[in-house]
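Shown below: start_10.txt, with compact mmCIF, C-alpha atoms and all ligand atoms.
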```txt
# COMPACT_ATOMS: atom_id res chain seq x y z
CA MET A 297 111.67 -91.39 17.68
CA ALA A 298 112.94 -93.72 15.00
CA ILE A 299 110.91 -96.82 14.34
CA ILE A 300 112.64 -100.14 14.68
CA ASN A 301 111.14 -103.23 13.18
CA GLN A 302 112.59 -106.33 14.82
CA ALA A 303 110.91 -108.67 12.34
CA THR A 304 112.46 -107.16 9.22
CA LYS A 305 115.56 -105.84 11.02
CA GLU A 306 114.88 -102.36 9.76
CA LEU A 307 115.39 -99.00 11.35
CA GLN A 308 113.25 -96.27 9.84
CA VAL A 309 114.29 -92.68 10.26
CA LYS A 310 112.28 -89.68 9.15
CA VAL A 311 114.10 -86.50 8.14
CA VAL A 312 112.14 -83.40 7.17
CA TYR A 313 113.57 -80.56 5.09
CA TYR A 314 111.94 -77.41 6.43
CA GLY A 315 112.27 -73.77 5.44
CA PRO A 316 110.74 -70.87 3.55
CA GLY A 317 109.19 -71.35 0.12
CA LYS A 318 111.63 -71.53 -2.81
CA GLY A 319 114.60 -71.82 -0.47
CA GLY A 320 115.83 -75.04 -2.09
CA LYS A 321 114.24 -77.94 -0.18
CA THR A 322 113.01 -79.82 -3.23
CA THR A 323 116.35 -79.20 -4.94
CA ASN A 324 118.08 -80.91 -2.00
CA LEU A 325 115.97 -84.03 -2.43
CA GLU A 326 116.47 -84.01 -6.18
CA GLN A 327 120.24 -83.85 -5.69
CA VAL A 328 120.22 -86.64 -3.13
CA HIS A 329 118.07 -88.69 -5.44
CA SER A 330 120.32 -88.28 -8.45
CA ASN A 331 123.60 -88.64 -6.54
CA VAL A 332 122.98 -91.67 -4.37
CA GLN A 333 125.59 -94.03 -5.76
CA ASN A 334 123.89 -97.34 -5.54
CA VAL A 335 120.66 -97.25 -7.50
CA ARG A 336 119.34 -100.24 -5.58
CA GLU A 337 119.58 -98.22 -2.38
CA ARG A 338 117.47 -95.37 -3.54
CA GLY A 339 113.75 -95.29 -3.78
CA LYS A 340 111.66 -93.27 -6.10
CA LEU A 341 111.35 -89.52 -5.55
CA VAL A 342 107.67 -88.79 -5.26
CA SER A 343 106.36 -85.28 -5.55
CA LEU A 344 102.78 -84.53 -4.76
CA ALA A 345 101.95 -81.48 -6.77
CA THR A 346 98.80 -79.61 -7.63
CA SER A 347 97.72 -78.64 -11.10
CA SER A 348 100.11 -75.72 -11.02
CA ASP A 349 103.72 -76.72 -11.56
CA ARG A 350 104.91 -75.71 -8.10
CA THR A 351 105.17 -78.57 -5.65
CA LEU A 352 102.67 -77.57 -3.04
CA PHE A 353 102.41 -80.60 -0.84
CA PHE A 354 105.57 -82.51 -0.19
CA ASP A 355 108.29 -84.61 -1.70
CA PHE A 356 109.24 -88.00 -0.38
CA LEU A 357 112.46 -89.88 -0.98
CA PRO A 358 113.39 -93.14 0.74
CA VAL A 359 117.11 -93.89 0.93
CA GLU A 360 118.62 -97.03 2.38
CA ALA A 361 121.79 -96.43 4.29
CA MET A 362 124.39 -98.45 6.12
CA ALA A 363 123.51 -101.28 8.42
CA ILE A 364 124.20 -100.82 12.10
CA LYS A 365 124.09 -103.70 14.53
CA GLY A 366 122.58 -105.87 11.83
CA PHE A 367 119.82 -103.41 11.06
CA LYS A 368 119.14 -101.96 7.68
CA THR A 369 118.59 -98.22 8.07
CA LYS A 370 116.01 -96.57 5.89
CA PHE A 371 115.97 -92.82 5.70
CA GLN A 372 112.78 -91.20 4.61
CA LEU A 373 113.32 -87.67 3.40
CA TYR A 374 110.40 -85.26 3.23
CA THR A 375 109.99 -81.63 2.31
CA VAL A 376 107.22 -79.32 3.43
CA PRO A 377 105.40 -76.67 1.42
CA GLY A 378 106.67 -73.22 2.34
CA GLN A 379 103.60 -71.17 1.56
CA VAL A 380 101.88 -69.79 4.64
CA ILE A 381 98.47 -71.29 3.90
CA TYR A 382 99.79 -74.87 3.98
CA ASN A 383 100.49 -75.07 7.69
CA THR A 384 98.20 -78.07 8.17
CA THR A 385 100.27 -79.98 5.63
CA ARG A 386 103.46 -78.95 7.39
CA GLN A 387 102.13 -80.26 10.69
CA LEU A 388 101.17 -83.55 9.06
CA VAL A 389 104.58 -83.98 7.47
CA LEU A 390 106.27 -83.20 10.80
CA ARG A 391 104.39 -85.95 12.60
CA GLY A 392 106.87 -88.63 13.66
CA VAL A 393 109.86 -86.56 12.60
CA ASP A 394 113.27 -87.70 13.84
CA GLY A 395 115.53 -84.97 12.47
CA ILE A 396 115.31 -81.74 10.54
CA VAL A 397 117.40 -79.99 7.91
CA PHE A 398 116.38 -76.35 7.95
CA VAL A 399 117.07 -74.87 4.52
CA ALA A 400 117.41 -71.10 4.76
CA ASP A 401 117.61 -68.81 1.76
CA SER A 402 120.79 -66.71 1.99
CA GLN A 403 119.43 -63.77 0.04
CA TYR A 404 119.22 -60.63 2.19
CA ASP A 405 115.59 -60.02 1.34
CA LYS A 406 114.65 -63.50 2.59
CA MET A 407 115.89 -63.07 6.15
CA ALA A 408 112.46 -62.22 7.55
CA GLU A 409 110.99 -65.27 5.80
CA ASN A 410 113.77 -67.47 7.20
CA VAL A 411 113.13 -66.30 10.75
CA GLU A 412 109.37 -66.62 10.33
CA SER A 413 109.70 -70.15 8.97
CA PHE A 414 112.01 -71.14 11.82
CA GLN A 415 109.52 -69.75 14.33
CA ASN A 416 106.73 -71.60 12.53
CA LEU A 417 108.76 -74.81 12.81
CA GLU A 418 109.17 -74.32 16.53
CA ASP A 419 105.45 -73.60 16.93
CA ASN A 420 104.49 -76.69 14.95
CA LEU A 421 106.85 -78.87 16.94
CA LYS A 422 105.27 -77.56 20.15
CA THR A 423 101.83 -78.42 18.80
CA LEU A 424 103.13 -81.96 18.29
CA ARG A 425 104.56 -81.86 21.83
CA LEU A 426 108.09 -81.91 20.50
CA ASN A 427 110.91 -79.60 21.49
CA PHE A 428 114.05 -78.50 19.74
CA PRO A 429 116.55 -79.96 22.14
CA ASP A 430 114.92 -83.37 21.60
CA ILE A 431 114.80 -83.16 17.82
CA PRO A 432 118.24 -83.02 16.24
CA TYR A 433 118.52 -80.48 13.44
CA VAL A 434 121.10 -78.84 11.24
CA LEU A 435 121.02 -75.58 9.31
CA GLN A 436 121.75 -75.12 5.65
CA TYR A 437 122.47 -71.62 4.36
CA ASN A 438 121.53 -72.12 0.74
CA LYS A 439 122.03 -70.14 -2.46
CA ARG A 440 125.53 -69.01 -1.53
CA ASP A 441 126.19 -68.56 -5.26
CA LEU A 442 123.91 -65.53 -5.51
CA PRO A 443 125.26 -61.96 -5.28
CA ASN A 444 122.85 -60.42 -2.77
CA ILE A 445 123.44 -62.72 0.18
CA ALA A 446 123.83 -62.12 3.89
CA PRO A 447 127.11 -63.03 5.63
CA ILE A 448 127.15 -66.43 7.35
CA GLU A 449 127.76 -64.70 10.70
CA TYR A 450 124.55 -62.73 10.33
CA MET A 451 122.56 -65.86 9.49
CA GLU A 452 124.09 -67.61 12.47
CA PHE A 453 123.05 -64.66 14.63
CA LEU A 454 119.47 -64.91 13.36
CA LEU A 455 119.00 -68.69 13.24
CA ASN A 456 121.68 -70.32 15.36
CA ASN A 457 121.68 -68.24 18.52
CA ARG A 458 120.62 -70.79 21.11
CA GLU A 459 122.76 -71.86 24.03
CA VAL A 460 123.88 -74.92 22.16
CA GLN A 461 124.66 -74.13 18.54
CA VAL A 462 123.86 -76.72 15.91
CA PRO A 463 125.99 -77.65 12.89
CA SER A 464 125.43 -75.32 9.93
CA PHE A 465 126.48 -75.59 6.31
CA PRO A 466 126.73 -73.07 3.49
CA SER A 467 125.27 -74.64 0.36
CA VAL A 468 124.49 -74.31 -3.30
CA ALA A 469 121.88 -77.03 -3.54
CA SER A 470 121.47 -76.58 -7.29
CA LYS A 471 125.15 -77.61 -7.67
CA CYS A 472 124.93 -80.21 -4.92
CA GLU A 473 127.34 -78.25 -2.74
CA GLY A 474 126.63 -78.67 0.96
CA VAL A 475 123.77 -81.09 0.35
CA PHE A 476 125.45 -84.30 1.48
CA GLU A 477 127.41 -82.48 4.17
CA ALA A 478 124.13 -81.52 5.85
CA LEU A 479 122.48 -84.89 5.24
CA ASN A 480 125.49 -86.80 6.56
CA MET A 481 125.54 -84.68 9.69
CA ILE A 482 121.88 -85.13 10.52
CA THR A 483 122.31 -88.83 9.79
CA ARG A 484 125.21 -89.04 12.20
CA LEU A 485 123.33 -87.15 14.90
CA LEU A 486 120.32 -89.45 14.53
CA LEU A 487 122.30 -92.68 14.53
CA ASN A 488 124.15 -91.52 17.66
CA LYS A 489 120.85 -90.73 19.28
CA PHE A 490 119.51 -94.14 18.31
CA ILE A 491 122.56 -95.91 19.70
CA ASN A 492 122.40 -93.93 22.94
CA GLU A 493 118.67 -94.00 23.57
CA GLY A 494 117.30 -96.87 21.53
CA ALA A 495 114.30 -96.58 19.28
CA ARG A 496 110.62 -97.31 19.52
CA LYS A 497 109.86 -100.88 18.67
CA THR A 498 107.06 -101.86 16.36
CA SER A 499 107.31 -105.59 16.83
N1 LIG A 501 121.02 -69.87 -7.50
C1 LIG A 501 120.54 -70.89 -6.79
N2 LIG A 501 119.31 -71.34 -7.01
C2 LIG A 501 118.87 -72.39 -6.27
C3 LIG A 501 119.67 -73.02 -5.29
N3 LIG A 501 118.95 -74.02 -4.74
C4 LIG A 501 117.76 -74.01 -5.34
N4 LIG A 501 117.69 -73.04 -6.28
C5 LIG A 501 116.56 -72.67 -7.15
O1 LIG A 501 115.58 -72.03 -6.34
C6 LIG A 501 114.26 -72.33 -6.80
C7 LIG A 501 113.41 -72.92 -5.68
O2 LIG A 501 113.99 -74.16 -5.27
P1 LIG A 501 113.09 -75.33 -4.67
O3 LIG A 501 114.01 -76.48 -4.41
O4 LIG A 501 111.89 -75.58 -5.51
O5 LIG A 501 112.63 -74.65 -3.30
P2 LIG A 501 111.56 -75.18 -2.21
O6 LIG A 501 110.33 -74.37 -2.40
O7 LIG A 501 112.22 -74.90 -0.88
O8 LIG A 501 111.33 -76.65 -2.44
C8 LIG A 501 114.44 -73.30 -7.96
O9 LIG A 501 114.39 -72.55 -9.16
C9 LIG A 501 115.85 -73.86 -7.74
O10 LIG A 501 116.45 -74.27 -8.94
C10 LIG A 501 121.00 -72.50 -5.07
O11 LIG A 501 121.76 -72.97 -4.23
N5 LIG A 501 121.37 -71.44 -5.85
MG MG A 502 109.50 -77.68 -2.76
```
In structure tokens, what does this structure look like?
Ligand SMILES: Nc1nc2c(ncn2[C@@H]2O[C@H](COP(=O)(O)OP(=O)(O)O)[C@@H](O)[C@H]2O)c(=O)[nH]1
Ligand SMILES: [Mg+2]
Amino acid sequence: MAIINQATKELQVKVVYYGPGKGGKTTNLEQVHSNVQNVRERGKLVSLATSSDRTLFFDFLPVEAMAIKGFKTKFQLYTVPGQVIYNTTRQLVLRGVDGIVFVADSQYDKMAENVESFQNLEDNLKTLRLNFPDIPYVLQYNKRDLPNIAPIEYMEFLLNNREVQVPSFPSVASKCEGVFEALNMITRLLLNKFINEGARKTS
């Protein structure tokens, strides 16, 4: 649940970009970082990497958004490492999550990885005593520019086959297509949830 700080009039919302390795999560954050109009409203993109050049831990990007009811809303965007061995890190990053953007890789040969990562997300949420219906999420079908991709309908069948379907967006994160569409939607879902249910107060 979002954190609301009455003293500073701030609402803090945590959004995690989840998905298989190399699907485009970091690229999403990089695009958001470089395309947020007002430089004052955007924090610094921090990547925690190991000695190898791949980002293994997570990226963090704070973005200040519109004020609602006199509150300044701060979105904290995180990515998780996709590689199987980093599940502990994924669980840590998921702690206190408010909303999720699941970034799937549209390439045919990544479908098993997409499904596995989605299952892993559900398992990790359960470990944290969270459930999908309670955590708003949207799906991003990334890399639509590549030739060997699965049809949207097939990806919907694999990843969006629950009773209540969630919003999904085709994307080319490297060209910033579909990036803000997905972010705006999860933002809207979270703000609606906050307005309807209220948020946890810290002070
Ligand atoms: N062709 C194509 N490449 C992409 C797209 N999005 C990301 N990439 C590339 O895919 C690779 C992995 O992306 P990255 O954001 O690091 O994935 P992550 O492991 O999920 O964080 C990088 O080389 C990106 O430039 C896309 O929409 N189309
Ligand atoms: Mg990454």
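Going from atom O10 of ligand LIG 501 (chain A) to atom CA of Val311 of chain A covers 21.1 Å.
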### Contacts to ligand LIG 501 (chain A) at 8 Å cut-off (all atoms listed in the file) as a PyMOL selection string
chain A and resi 314-324+350-351+375-378+399+438-442+467-473
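By chain and then residue number, the residues within 12 Å of Gly392 of chain A are Met297, Ala298, Ile299, Gln308, Val309, Lys310, Val311, Val312, Gln372, Tyr374, Gln387, Leu388, Val389, Gly395, Ile396, Leu421, Leu424, Arg425, Leu426, Ile431 and Arg496 of chain A, counting only C-alpha atoms and disregarding those fewer than 3 positions away in sequence.
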### Task
Tell me which protein, DNA and RNA residues are within 10 Å of Leu454 of chain A, counting all atoms listed in the file, leaving out same-chain ones fewer than 2 positions away, and put them as a PyMOL selection string.
chain A and resi 407-408+410-411+414+448-452+456-458
### Task
Grab the atom CA of Thr385 of chain A to atom CA of Glu493 of chain A distance for me, in Å with one decimal place.
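These two atoms are separated by 29.3 Å.
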### Task
Work out how far apart atom CA of Tyr437 of chain A and atom CA of Val397 of chain A are and give it in Å to one decimal.
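Interatomic distance here is 10.4 Å.
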